[in-house]
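For reference, coords_11.txt is printed below; it contains compact mmCIF, C-alpha atoms.
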```txt
# COMPACT_ATOMS: atom_id res chain seq x y z
CA MET W 19 34.44 41.52 -28.74
CA ALA W 20 32.98 38.25 -29.72
CA GLU W 21 31.24 38.60 -32.96
CA LEU W 22 28.45 36.26 -33.71
CA ASP W 23 27.44 35.37 -37.19
CA THR W 24 23.75 34.75 -37.26
CA SER W 25 23.29 34.85 -40.97
CA GLY W 26 23.70 31.10 -41.30
CA LYS W 27 25.88 31.47 -44.29
CA ASP W 28 29.15 29.79 -44.52
CA GLY W 29 30.92 32.93 -43.71
CA LYS W 30 33.36 32.78 -46.52
CA LYS W 31 35.02 36.06 -46.75
CA LYS W 32 37.44 37.44 -49.10
CA GLY W 33 40.78 38.51 -47.96
CA PRO W 34 43.01 37.04 -45.34
CA LYS W 35 41.40 34.32 -43.25
CA LYS W 36 40.38 35.55 -39.84
CA VAL W 37 40.39 33.35 -36.81
CA SER W 38 36.84 32.94 -35.64
CA THR W 39 36.24 34.34 -32.18
CA ARG W 40 32.86 32.73 -31.87
CA ILE W 41 32.48 30.93 -28.58
CA ASP W 42 29.98 28.24 -27.88
CA MET W 43 28.10 29.67 -24.96
CA THR W 44 25.78 26.72 -24.36
CA PRO W 45 27.69 25.17 -21.43
CA MET W 46 28.09 28.56 -19.84
CA VAL W 47 24.37 29.26 -20.07
CA ASP W 48 23.68 25.78 -18.74
CA LEU W 49 25.81 26.42 -15.73
CA ALA W 50 24.37 29.87 -15.20
CA PHE W 51 20.84 28.55 -15.20
CA LEU W 52 21.77 25.72 -12.90
CA LEU W 53 23.10 28.20 -10.40
CA VAL W 54 20.09 30.47 -10.86
CA THR W 55 17.79 27.56 -10.10
CA PHE W 56 19.82 26.66 -7.03
CA PHE W 57 19.74 30.17 -5.62
CA MET W 58 16.09 30.62 -6.47
CA LEU W 59 15.11 27.49 -4.61
CA THR W 60 17.27 28.17 -1.59
CA THR W 61 16.04 31.73 -1.23
CA THR W 62 12.37 30.86 -1.33
CA PHE W 63 12.52 28.02 1.11
CA SER W 64 14.92 29.39 3.66
CA LYS W 65 12.27 31.63 5.21
CA PRO W 66 10.90 29.67 8.11
CA LYS W 67 7.20 29.71 8.79
CA THR W 68 5.96 30.41 12.24
CA MET W 69 2.85 29.94 14.28
CA LEU W 70 1.67 32.67 16.59
CA LEU W 71 0.94 31.75 20.17
CA SER W 72 -0.50 34.17 22.67
CA MET W 73 -0.51 33.15 26.27
CA PRO W 74 -2.83 34.83 28.76
CA GLU W 75 -1.37 37.68 30.73
CA LYS W 76 -0.68 37.24 34.37
CA PRO W 77 -3.83 38.17 36.27
CA LYS W 78 -3.50 41.39 38.22
CA PRO W 79 -4.92 41.64 41.75
CA ASN W 80 -7.64 44.10 40.72
CA ASP W 81 -8.83 42.18 37.71
CA PRO W 82 -12.48 41.15 37.62
CA PRO W 83 -12.98 37.40 37.87
CA PRO W 84 -12.86 35.67 34.51
CA PRO W 85 -16.24 35.09 32.87
CA LYS W 86 -17.81 31.70 33.32
CA VAL W 87 -17.57 29.43 30.33
CA ASP W 88 -20.46 27.41 29.05
CA GLU W 89 -19.83 23.82 30.05
CA ARG W 90 -21.75 22.44 27.08
CA VAL W 91 -19.23 23.81 24.59
CA THR W 92 -16.11 23.62 26.73
CA THR W 93 -13.76 20.71 26.19
CA THR W 94 -10.75 19.99 28.32
CA VAL W 95 -8.07 18.31 26.24
CA VAL W 96 -5.30 16.49 28.05
CA LEU W 97 -2.28 15.57 25.96
CA ASP W 98 -0.83 12.36 27.30
CA LYS W 99 2.31 10.49 26.36
CA ASN W 100 2.47 8.10 23.38
CA ASN W 101 0.41 10.50 21.26
CA ARG W 102 -2.74 9.88 23.24
CA ILE W 103 -5.39 12.50 23.89
CA PHE W 104 -7.98 12.44 26.62
CA TYR W 105 -10.86 14.84 26.56
CA TYR W 106 -13.83 15.52 28.71
CA ARG W 107 -16.46 18.13 29.36
CA GLY W 108 -17.57 19.49 32.68
CA VAL W 109 -15.86 19.35 36.04
CA GLU W 110 -17.70 16.95 38.34
CA SER W 111 -16.79 13.34 37.47
CA PRO W 112 -17.04 13.83 33.72
CA GLU W 113 -17.06 11.12 31.11
CA VAL W 114 -13.57 10.80 29.63
CA PHE W 115 -12.91 9.90 26.00
CA THR W 116 -9.68 8.86 24.31
CA THR W 117 -8.65 9.95 20.87
CA ASP W 118 -5.56 10.52 18.75
CA TYR W 119 -4.08 13.07 16.36
CA SER W 120 -5.56 11.62 13.18
CA ALA W 121 -8.16 13.34 11.01
CA ASP W 122 -10.86 11.01 12.32
CA GLY W 123 -9.78 11.52 15.90
CA PHE W 124 -9.34 14.92 17.40
CA ARG W 125 -10.28 16.90 14.32
CA LYS W 126 -13.65 15.21 13.96
CA MET W 127 -14.42 15.84 17.61
CA ALA W 128 -13.32 19.46 17.33
CA MET W 129 -15.48 20.01 14.25
CA GLU W 130 -18.48 18.59 16.07
CA MET W 131 -17.85 20.89 18.99
CA VAL W 132 -17.53 23.90 16.72
CA ALA W 133 -20.81 22.98 15.04
CA LYS W 134 -22.47 22.48 18.40
CA GLY W 135 -21.16 25.82 19.56
CA LYS W 136 -22.61 27.44 16.47
CA SER W 137 -26.03 25.93 17.08
CA LEU W 138 -25.94 27.32 20.62
CA LYS W 139 -24.68 30.67 19.31
CA ARG W 140 -21.48 30.31 21.31
CA ASP W 141 -17.84 29.72 20.54
CA ALA W 142 -16.54 26.28 21.31
CA VAL W 143 -13.86 26.53 23.99
CA PHE W 144 -10.88 24.23 24.18
CA ILE W 145 -8.67 24.09 27.22
CA ILE W 146 -5.44 22.38 26.29
CA LYS W 147 -3.53 20.75 29.10
CA PRO W 148 -0.30 19.11 28.06
CA THR W 149 1.09 16.62 30.55
CA GLU W 150 4.79 16.57 31.26
CA GLU W 151 5.25 13.47 29.15
CA SER W 152 3.75 15.00 26.02
CA THR W 153 6.06 16.32 23.36
CA TYR W 154 6.31 19.73 21.79
CA LYS W 155 5.01 18.23 18.56
CA ASN W 156 1.81 17.20 20.31
CA VAL W 157 1.21 20.76 21.45
CA VAL W 158 1.92 22.22 18.03
CA ASP W 159 -0.33 19.60 16.44
CA ILE W 160 -3.21 20.54 18.69
CA LEU W 161 -2.69 24.25 18.05
CA ASP W 162 -2.65 23.37 14.40
CA GLU W 163 -5.94 21.54 14.73
CA MET W 164 -7.36 24.66 16.33
CA LYS W 165 -6.38 26.57 13.23
CA ILE W 166 -7.63 23.90 10.85
CA THR W 167 -11.02 23.66 12.53
CA ASP W 168 -11.13 27.44 12.86
CA SER W 169 -11.64 27.31 16.61
CA LYS W 170 -10.93 30.75 17.96
CA VAL W 171 -11.23 30.23 21.68
CA TYR W 172 -8.56 28.04 23.15
CA ALA W 173 -5.94 28.27 25.85
CA ILE W 174 -2.98 26.30 27.07
CA GLN W 175 -3.21 25.64 30.75
CA GLN W 176 -1.34 23.64 33.27
CA LEU W 177 -2.62 20.35 34.53
CA TYR W 178 -4.33 20.84 37.88
CA PRO W 179 -4.47 18.09 40.52
CA GLN W 180 -8.17 17.50 39.83
CA ASP W 181 -7.39 16.91 36.15
CA LYS W 182 -4.67 14.47 37.09
CA GLU W 183 -7.14 12.68 39.32
CA ILE W 184 -9.72 12.39 36.55
CA ILE W 185 -7.12 11.02 34.15
CA ALA W 186 -5.63 8.65 36.70
CA ARG W 187 -9.08 7.26 37.51
CA TYR W 188 -9.86 6.81 33.83
CA LYS W 189 -6.56 5.07 33.22
CA GLN W 190 -7.18 2.71 36.11
CA GLU W 191 -10.68 1.85 34.96
CA ASN W 192 -9.49 1.11 31.45
CA ASN W 193 -6.23 -0.61 32.36
CA ILE W 194 -3.99 1.88 30.58
CA THR W 195 -0.59 1.37 32.08
CA ASP W 196 1.97 2.61 29.56
CA MET G 267 6.13 14.25 -55.52
CA ALA G 268 9.40 15.67 -56.32
CA LYS G 269 11.48 16.15 -53.32
CA VAL G 270 13.00 19.48 -52.80
CA LYS G 271 16.41 19.08 -51.42
CA VAL G 272 16.82 21.26 -48.45
CA PRO G 273 20.40 22.04 -47.78
CA ARG G 274 21.38 21.13 -44.23
CA LYS G 275 22.31 24.02 -42.11
CA THR G 276 23.54 24.07 -38.60
CA ILE G 277 21.34 26.26 -36.47
CA LEU G 278 23.33 28.77 -34.59
CA LEU G 279 21.49 30.41 -31.77
CA ASP G 280 22.74 33.64 -30.43
CA MET G 281 23.18 32.83 -26.79
CA THR G 282 24.55 36.16 -25.72
CA ALA G 283 21.24 37.61 -24.67
CA MET G 284 20.24 34.47 -22.82
CA CYS G 285 23.58 34.37 -21.15
CA ASP G 286 23.18 37.99 -20.08
CA VAL G 287 19.81 37.35 -18.52
CA ALA G 288 21.01 34.19 -16.79
CA PHE G 289 23.94 35.96 -15.22
CA LEU G 290 21.84 38.94 -14.25
CA LEU G 291 19.45 36.65 -12.38
CA LEU G 292 22.35 34.73 -10.93
CA THR G 293 23.90 37.89 -9.55
CA PHE G 294 20.57 39.02 -8.15
CA PHE G 295 19.90 35.75 -6.35
CA MET G 296 23.45 35.45 -5.11
CA LEU G 297 23.32 38.87 -3.56
CA THR G 298 19.88 38.48 -2.04
CA THR G 299 20.42 35.00 -0.63
CA LYS G 300 21.17 34.86 3.04
CA PHE G 301 22.95 31.69 3.89
CA LYS G 302 21.83 29.78 6.86
CA PRO G 303 24.22 30.49 9.71
CA ASP G 304 26.04 27.58 11.23
CA GLU G 305 23.90 26.47 14.11
CA PRO G 306 25.03 24.25 16.93
CA VAL G 307 21.59 22.73 17.33
CA VAL G 308 19.84 20.33 15.05
CA VAL G 309 16.16 21.02 15.38
CA ASP G 310 13.53 19.18 13.42
CA THR G 311 10.55 21.49 13.73
CA PRO G 312 7.01 20.10 13.73
CA GLY G 313 4.72 20.81 10.81
CA SER G 314 1.84 23.22 10.84
CA VAL G 315 -0.53 24.83 8.36
CA SER G 316 0.36 28.27 9.65
CA GLU G 317 1.86 30.55 7.02
CA THR G 318 3.08 33.46 9.10
CA ILE G 319 6.61 34.26 8.04
CA LEU G 320 9.34 34.74 10.56
CA PRO G 321 10.39 38.40 10.70
CA ASP G 322 13.89 39.12 9.40
CA ALA G 323 15.11 41.33 12.18
CA ASN G 324 14.49 42.01 15.85
CA VAL G 325 14.02 38.41 16.83
CA LEU G 326 15.26 36.48 19.80
CA ILE G 327 15.26 32.81 18.93
CA ILE G 328 15.27 30.25 21.68
CA SER G 329 16.04 26.81 20.31
CA VAL G 330 15.36 23.67 22.25
CA ASP G 331 16.77 20.45 20.89
CA ALA G 332 15.34 16.97 21.30
CA ASP G 333 17.34 16.39 24.51
CA GLY G 334 15.97 19.55 26.08
CA LYS G 335 19.12 21.65 25.78
CA VAL G 336 18.26 25.33 25.48
CA PHE G 337 20.09 27.62 23.08
CA MET G 338 19.60 31.28 22.37
CA GLY G 339 20.42 33.75 19.64
CA VAL G 340 19.72 37.34 18.67
CA ASP G 341 20.00 38.47 15.07
CA SER G 342 21.69 41.83 15.63
CA GLU G 343 25.42 41.80 16.32
CA LYS G 344 25.28 45.05 18.26
CA THR G 345 22.70 43.63 20.60
CA ARG G 346 24.79 40.50 21.06
CA LEU G 347 27.77 42.53 22.22
CA ALA G 348 25.74 44.77 24.49
CA MET G 349 23.94 41.88 26.18
CA LEU G 350 27.20 40.00 26.69
CA GLU G 351 28.69 43.01 28.46
CA LYS G 352 25.70 43.12 30.79
CA MET G 353 25.74 39.39 31.46
CA ALA G 354 29.49 39.40 32.07
CA GLY G 355 28.98 42.16 34.61
CA GLU G 356 26.12 40.35 36.32
CA TYR G 357 27.89 37.00 36.63
CA LYS G 358 31.39 38.47 36.98
CA VAL G 359 32.77 36.35 34.18
CA PRO G 360 35.63 38.09 32.36
CA PHE G 361 35.74 37.98 28.57
CA SER G 362 38.77 38.87 26.47
CA GLU G 363 38.42 41.04 23.38
CA ASN G 364 38.81 37.98 21.20
CA GLN G 365 36.12 36.10 23.08
CA LYS G 366 33.77 39.06 22.79
CA ASN G 367 34.42 39.26 19.11
CA GLN G 368 33.73 35.55 18.73
CA PHE G 369 30.48 35.98 20.62
CA ARG G 370 29.49 38.80 18.30
CA LEU G 371 29.84 36.41 15.38
CA THR G 372 28.03 33.50 17.02
CA SER G 373 24.42 33.31 15.96
CA THR G 374 23.33 30.73 18.50
CA PHE G 375 24.93 29.72 21.74
CA GLY G 376 23.93 27.45 24.56
CA ALA G 377 26.25 27.23 27.52
CA PRO G 378 26.19 28.20 31.16
CA MET G 379 27.84 31.56 31.85
CA ALA G 380 30.86 29.98 33.53
CA ALA G 381 31.69 27.92 30.44
CA LEU G 382 30.91 30.60 27.86
CA PRO G 383 34.43 32.13 27.52
CA GLN G 384 35.83 28.66 26.89
CA VAL G 385 33.11 27.94 24.32
CA MET G 386 33.96 31.10 22.42
CA VAL G 387 37.59 30.10 21.85
CA SER G 388 37.00 26.47 21.01
CA THR G 389 35.83 25.20 17.66
CA GLY G 390 34.28 22.17 16.07
CA LYS G 391 33.58 19.17 18.25
CA ALA G 392 35.07 20.63 21.40
CA ARG G 393 32.69 23.55 21.09
CA ALA G 394 29.71 21.30 20.56
CA GLN G 395 30.61 19.32 23.68
CA LEU G 396 30.92 22.44 25.80
CA GLN G 397 27.52 23.71 24.72
CA THR G 398 25.42 21.97 27.32
CA GLY G 399 22.51 24.37 27.09
CA ILE G 400 21.55 27.47 29.05
CA PRO G 401 20.36 26.58 32.55
CA THR G 402 16.63 27.20 32.98
CA ASP G 403 15.91 25.73 36.40
CA SER G 404 14.45 28.04 38.99
CA LEU G 405 17.57 28.09 41.19
CA ASP G 406 19.81 29.45 38.49
CA ASN G 407 17.65 30.68 35.66
CA GLN G 408 20.27 32.12 33.36
CA LEU G 409 17.84 32.09 30.45
CA ALA G 410 15.67 34.63 32.24
CA LYS G 411 18.70 36.87 32.71
CA TRP G 412 19.72 36.48 29.09
CA VAL G 413 16.23 37.39 27.91
CA THR G 414 16.08 40.41 30.22
CA TYR G 415 19.46 41.72 29.13
CA ALA G 416 18.85 40.95 25.49
CA ARG G 417 15.71 43.07 25.55
CA LEU G 418 17.43 45.81 27.49
CA ALA G 419 20.44 45.80 25.20
CA HIS G 420 18.27 45.70 22.11
CA SER G 421 16.22 48.72 23.11
CA GLU G 422 19.39 50.61 24.09
CA VAL G 423 21.03 49.83 20.77
CA ASN G 424 17.91 50.97 18.93
CA ASN G 425 17.34 54.08 21.06
CA ASN G 426 14.18 52.70 22.67
CA ASP G 427 12.45 52.39 19.34
CA ARG G 428 9.17 50.67 20.18
CA GLU G 429 8.78 49.50 16.62
CA ARG G 430 11.91 47.45 16.94
CA GLN G 431 11.20 45.52 20.09
CA LEU G 432 12.51 42.00 20.22
CA ARG G 433 10.09 39.29 19.19
CA MET G 434 10.27 36.03 21.07
CA VAL G 435 10.64 33.05 18.81
CA ILE G 436 10.67 29.48 20.03
CA LYS G 437 12.18 26.79 17.90
CA ALA G 438 11.82 23.38 19.41
CA ASP G 439 12.23 19.87 18.12
CA LYS G 440 9.35 17.51 17.44
CA GLY G 441 10.56 15.21 20.17
CA THR G 442 11.27 17.84 22.81
CA LYS G 443 9.42 17.18 26.03
CA TYR G 444 6.77 19.80 26.57
CA GLU G 445 8.08 20.18 30.11
CA VAL G 446 11.18 21.98 28.79
CA VAL G 447 9.24 24.18 26.39
CA LYS G 448 6.88 25.04 29.23
CA LYS G 449 9.83 26.15 31.34
CA VAL G 450 10.99 28.43 28.54
CA ILE G 451 7.49 29.84 28.05
CA ASP G 452 7.01 30.31 31.79
CA THR G 453 10.36 32.09 32.03
CA MET G 454 9.22 34.59 29.44
CA MET G 455 5.74 34.95 30.88
CA GLU G 456 7.38 35.94 34.16
CA GLN G 457 8.64 38.96 32.28
CA ASN G 458 5.23 39.67 30.79
CA LEU G 459 6.17 38.36 27.39
CA ASN G 460 3.05 36.59 26.28
CA LYS G 461 3.34 36.48 22.53
CA PHE G 462 5.48 33.95 20.80
CA ASN G 463 6.26 32.81 17.32
CA LEU G 464 6.72 29.08 17.17
CA ILE G 465 8.84 28.02 14.23
CA THR G 466 7.16 25.27 12.26
CA SER G 467 7.67 23.76 8.87
CA LEU G 468 4.89 24.30 6.39
CA GLU G 469 2.35 21.59 5.93
CA ALA G 470 -0.51 21.51 3.45
CA MET G 471 -3.99 22.26 4.70
CA PRO G 472 -5.98 19.01 4.77
CA GLU G 473 -8.57 18.68 2.07
CA GLY G 474 -11.89 20.28 2.71
CA PHE G 475 -10.51 22.80 5.18
CA GLY G 476 -8.83 26.11 4.72
CA LYS G 477 -10.28 29.56 4.42
CA LYS G 478 -13.82 28.29 4.76
CA ALA G 479 -13.16 25.98 7.68
CA GLY G 480 -15.79 25.62 10.31
CA GLU G 481 -18.59 24.05 8.31
CA GLY G 482 -18.53 20.78 10.17
CA LYS G 483 -21.00 18.01 10.30
CA LYS G 484 -23.99 18.67 12.45
CA GLU G 485 -24.51 16.33 15.33
```

Conversion result in structure tokens:
Amino acid sequence: MAELDTSGKDGKKKGPKKVSTRIDMTPMVDLAFLLVTFFMLTTTFSKPKTMLLSMPEKPKPNDPPPPKVDERVTTTVVLDKNNRIFYYRGVESPEVFTTDYSADGFRKMAMEMVAKGKSLKRDAVFIIKPTEESTYKNVVDILDEMKITDSKVYAIQQLYPQDKEIIARYKQENNITD
Amino acid sequence: MAKVKVPRKTILLDMTAMCDVAFLLLTFFMLTTKFKPDEPVVVDTPGSVSETILPDANVLIISVDADGKVFMGVDSEKTRLAMLEKMAGEYKVPFSENQKNQFRLTSTFGAPMAALPQVMVSTGKARAQLQTGIPTDSLDNQLAKWVTYARLAHSEVNNNDRERQLRMVIKADKGTKYEVVKKVIDTMMEQNLNKFNLITSLEAMPEGFGKKAGEGKKE
């Protein structure tokens, strides 16, 4: 066994001189703690975080028709390519706006809608329609914005021909070609 | 003032106790750490403020890389074997014992059924080249079959335990076209699987938001 002299005295002893078995443990402890730190960090960060996404169930033939949504608080959000977002409200030739994924862009608009919904005692509804050119990141970003702005009512839907028409018309009017 | 001469002494710290603790912790962390399995796909997941943690077990992870190649993996080795048997029967692709064993040890794979036996016996670069992704187009939707058989195999292995149903997890790259992800989601929705976990990397909540979000500016 390694005996450690902690008395601080010189350790002069009478009798035959013994070979000291004291080992300097500092490098060993250093190494041990280095490894501990490494394992601690890797364990904590290896757990991936996830985001829950619930898609609507397939409608059954006997289902009642879905309830009508209030057009004043319903926003259709179209995710275009090149990180561009179009949004509009209503169905018949609505006014289309462009925005982006920055804090002053989509988030501001979403917050305003949530506030407006509150004043009308309704939940703001967002219908998210990713185009085929949008990326997965765009979709996750929008879902994230939903969480950040605490919007509870949103759905991912496919782009219908009438939506495509609205967007195509808007792009033509504003000379957006890319 | 008269100086008192203090004799110099070397300070000897007893490191034994510290050493003990350090090694105890080291052992603990070494045993609890699960090393990331070798994955054939490099996926850079998008950030999100969501903090839901991915469950440890009973997950079916579908990875989509930036080029739109689809890969799949189940965490349980028993399920892997059982679903391979079913798929081999369905597509009439024979697997040798060695190939089956390799499949059992593969956490993520992404190859059409016809190429899968070859993938299992190759390694390194050759393997990466053979992994062209699981076909998802409507003519030959092998992903749908894989998902069906994975769920079937998983419930058989776990004696139909409802608590241990497979969770669908989608792991896609930032740059993946939504078109591909949509195909994957649609494939699962066909089978009435409507709840997904999307793997994201943690991002900080922007300032002023968080638990009390929703107090926006009035118009």

message: Using Å and a single decimal, report how far CA of Val171 in chain W sits from CA of Ala142 in chain W.
response: 6.6 Å

- request: Please provide as a list in words all residues within 8 Å of Ile146 in chain W, with the sequence filter that same-chain residues fewer than 2 positions apart are discarded (counting only C-alpha atoms).
  value: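 What passes the distance filter is Thr94, Val95, Val96, Leu97, Phe144, Pro148, Tyr172, Ala173, Ile174 and Gln175 of chain W.
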
message: I need the contact residues of chain G against chain W, so if you could list those with any atom within 6 Å, counting only C-alpha atoms, and return them as a ChimeraX atom specification, that would help.
response: /G:285,288,292,295,299,312,314,316-320,440-445,460-467,479-480,482,484

Since we have the selection now, will you write its residues out, keeping C-alpha atoms, as a compact mmCIF listing (two decimals), in the frame of the given file?
```txt
# COMPACT_ATOMS: atom_id res chain seq x y z
CA CYS G 285 23.58 34.37 -21.15
CA ALA G 288 21.01 34.19 -16.79
CA LEU G 292 22.35 34.73 -10.93
CA PHE G 295 19.90 35.75 -6.35
CA THR G 299 20.42 35.00 -0.63
CA PRO G 312 7.01 20.10 13.73
CA SER G 314 1.84 23.22 10.84
CA SER G 316 0.36 28.27 9.65
CA GLU G 317 1.86 30.55 7.02
CA THR G 318 3.08 33.46 9.10
CA ILE G 319 6.61 34.26 8.04
CA LEU G 320 9.34 34.74 10.56
CA LYS G 440 9.35 17.51 17.44
CA GLY G 441 10.56 15.21 20.17
CA THR G 442 11.27 17.84 22.81
CA LYS G 443 9.42 17.18 26.03
CA TYR G 444 6.77 19.80 26.57
CA GLU G 445 8.08 20.18 30.11
CA ASN G 460 3.05 36.59 26.28
CA LYS G 461 3.34 36.48 22.53
CA PHE G 462 5.48 33.95 20.80
CA ASN G 463 6.26 32.81 17.32
CA LEU G 464 6.72 29.08 17.17
CA ILE G 465 8.84 28.02 14.23
CA THR G 466 7.16 25.27 12.26
CA SER G 467 7.67 23.76 8.87
CA ALA G 479 -13.16 25.98 7.68
CA GLY G 480 -15.79 25.62 10.31
CA GLY G 482 -18.53 20.78 10.17
CA LYS G 484 -23.99 18.67 12.45
```

field: Å distance separating CA of Thr92 in chain W from CA of Met471 in chain G, one decimal place
entry: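 Those two atoms sit 25.2 Å apart.
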
As lines of an AutoDock Vina configuration file, please: the centre and edge lengths in Å, to one decimal, of an axis-aligned box enclosing every listed atom of range 70-73 of chain W with 3 Å added on each side.
```
center_x = 0.6
center_y = 33.0
center_z = 21.4
size_x = 8.2
size_y = 8.4
size_z = 15.7
```

message: Counting all atoms listed in the file, find residues at most 12 Å from (21.9, 52.7, 21.8) (file frame) and give them as number ranges by chain.
response: G: 344-345, 347-349, 418-427

- request: Find the distance between CA of Tyr106 in chain W and CA of Lys448 in chain G and write it in Å to one decimal.
  value: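 Between CA of Tyr106 in chain W and CA of Lys448 in chain G the gap works out to 22.8 Å.
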
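Between Leu459 in chain G and the residues G:Ala410, G:Leu279, G:Ser329, G:Val446, the shortest atom-to-atom distance, using only C-alpha atoms, involves G:Ala410.
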
Quick one: everything within 9 Å of range 111-119 of chain W, counting all atoms listed in the file, minus sequence neighbours fewer than 3 positions away in the same chain. Send it as a short mmCIF file (atom, residue, chain, number, x, y, z; two decimals) with C-alpha atoms, in the frame of the given file.
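Output contents, as saved in selection23.cif:
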```
data_model
loop_
_atom_site.label_atom_id
_atom_site.label_comp_id
_atom_site.auth_asym_id
_atom_site.auth_seq_id
_atom_site.Cartn_x
_atom_site.Cartn_y
_atom_site.Cartn_z
CA ASN W 101 0.41 10.50 21.26
CA ARG W 102 -2.74 9.88 23.24
CA ILE W 103 -5.39 12.50 23.89
CA PHE W 104 -7.98 12.44 26.62
CA TYR W 105 -10.86 14.84 26.56
CA TYR W 106 -13.83 15.52 28.71
CA ARG W 107 -16.46 18.13 29.36
CA GLY W 108 -17.57 19.49 32.68
CA ASP W 122 -10.86 11.01 12.32
CA GLY W 123 -9.78 11.52 15.90
CA PHE W 124 -9.34 14.92 17.40
CA ARG W 125 -10.28 16.90 14.32
CA MET W 127 -14.42 15.84 17.61
CA ASN W 156 1.81 17.20 20.31
CA ASP W 159 -0.33 19.60 16.44
CA ILE W 160 -3.21 20.54 18.69
CA GLU W 163 -5.94 21.54 14.73
CA ILE W 184 -9.72 12.39 36.55
CA ILE W 185 -7.12 11.02 34.15
CA TYR W 188 -9.86 6.81 33.83
#
```

Could you pull range 267-285 of chain G out of the block above and give me N, CA and C atoms, as a CSV table (one decimal), in the first residue's frame?
```
chain,number,residue,atom,x,y,z
G,267,MET,N,9.8,46.1,12.2
G,267,MET,CA,9.3,44.8,12.8
G,267,MET,C,10.3,43.7,12.6
G,268,ALA,N,10.4,43.0,13.6
G,268,ALA,CA,11.3,41.8,13.4
G,268,ALA,C,10.6,40.7,12.6
G,269,LYS,N,11.4,40.3,11.7
G,269,LYS,CA,10.8,39.3,10.8
G,269,LYS,C,10.9,37.9,11.4
G,270,VAL,N,9.8,37.2,11.4
G,270,VAL,CA,9.9,35.8,11.9
G,270,VAL,C,10.2,35.0,10.7
G,271,LYS,N,11.2,34.2,10.8
G,271,LYS,CA,11.6,33.4,9.7
G,271,LYS,C,10.7,32.1,9.7
G,272,VAL,N,10.0,32.1,8.6
G,272,VAL,CA,9.1,30.9,8.5
G,272,VAL,C,9.9,29.8,7.7
G,273,PRO,N,10.1,28.7,8.3
G,273,PRO,CA,10.8,27.7,7.5
G,273,PRO,C,9.9,27.2,6.3
G,274,ARG,N,10.6,27.1,5.2
G,274,ARG,CA,9.8,26.7,4.0
G,274,ARG,C,9.5,25.2,4.0
G,275,LYS,N,8.3,25.0,3.7
G,275,LYS,CA,7.9,23.6,3.7
G,275,LYS,C,7.2,23.3,2.4
G,276,THR,N,7.4,22.2,1.8
G,276,THR,CA,6.7,21.8,0.6
G,276,THR,C,5.3,21.3,1.1
G,277,ILE,N,4.3,21.8,0.4
G,277,ILE,CA,2.9,21.3,0.8
G,277,ILE,C,2.7,20.0,0.1
G,278,LEU,N,2.3,19.1,0.8
G,278,LEU,CA,2.0,17.8,0.2
G,278,LEU,C,0.5,17.5,0.4
G,279,LEU,N,-0.2,17.5,-0.7
G,279,LEU,CA,-1.6,17.2,-0.6
G,279,LEU,C,-1.8,15.7,-0.7
G,280,ASP,N,-2.7,15.3,0.1
G,280,ASP,CA,-3.1,13.9,-0.1
G,280,ASP,C,-4.1,13.7,-1.3
G,281,MET,N,-3.6,13.2,-2.3
G,281,MET,CA,-4.5,13.2,-3.5
G,281,MET,C,-5.3,11.9,-3.6
G,282,THR,N,-5.1,11.0,-2.7
G,282,THR,CA,-5.8,9.7,-2.8
G,282,THR,C,-7.3,9.8,-2.9
G,283,ALA,N,-7.8,10.7,-2.0
G,283,ALA,CA,-9.3,10.8,-2.0
G,283,ALA,C,-9.8,11.4,-3.3
G,284,MET,N,-9.1,12.4,-3.7
G,284,MET,CA,-9.5,13.1,-5.0
G,284,MET,C,-9.4,12.1,-6.1
G,285,CYS,N,-8.3,11.4,-6.1
G,285,CYS,CA,-8.1,10.4,-7.2
G,285,CYS,C,-9.3,9.4,-7.2
```
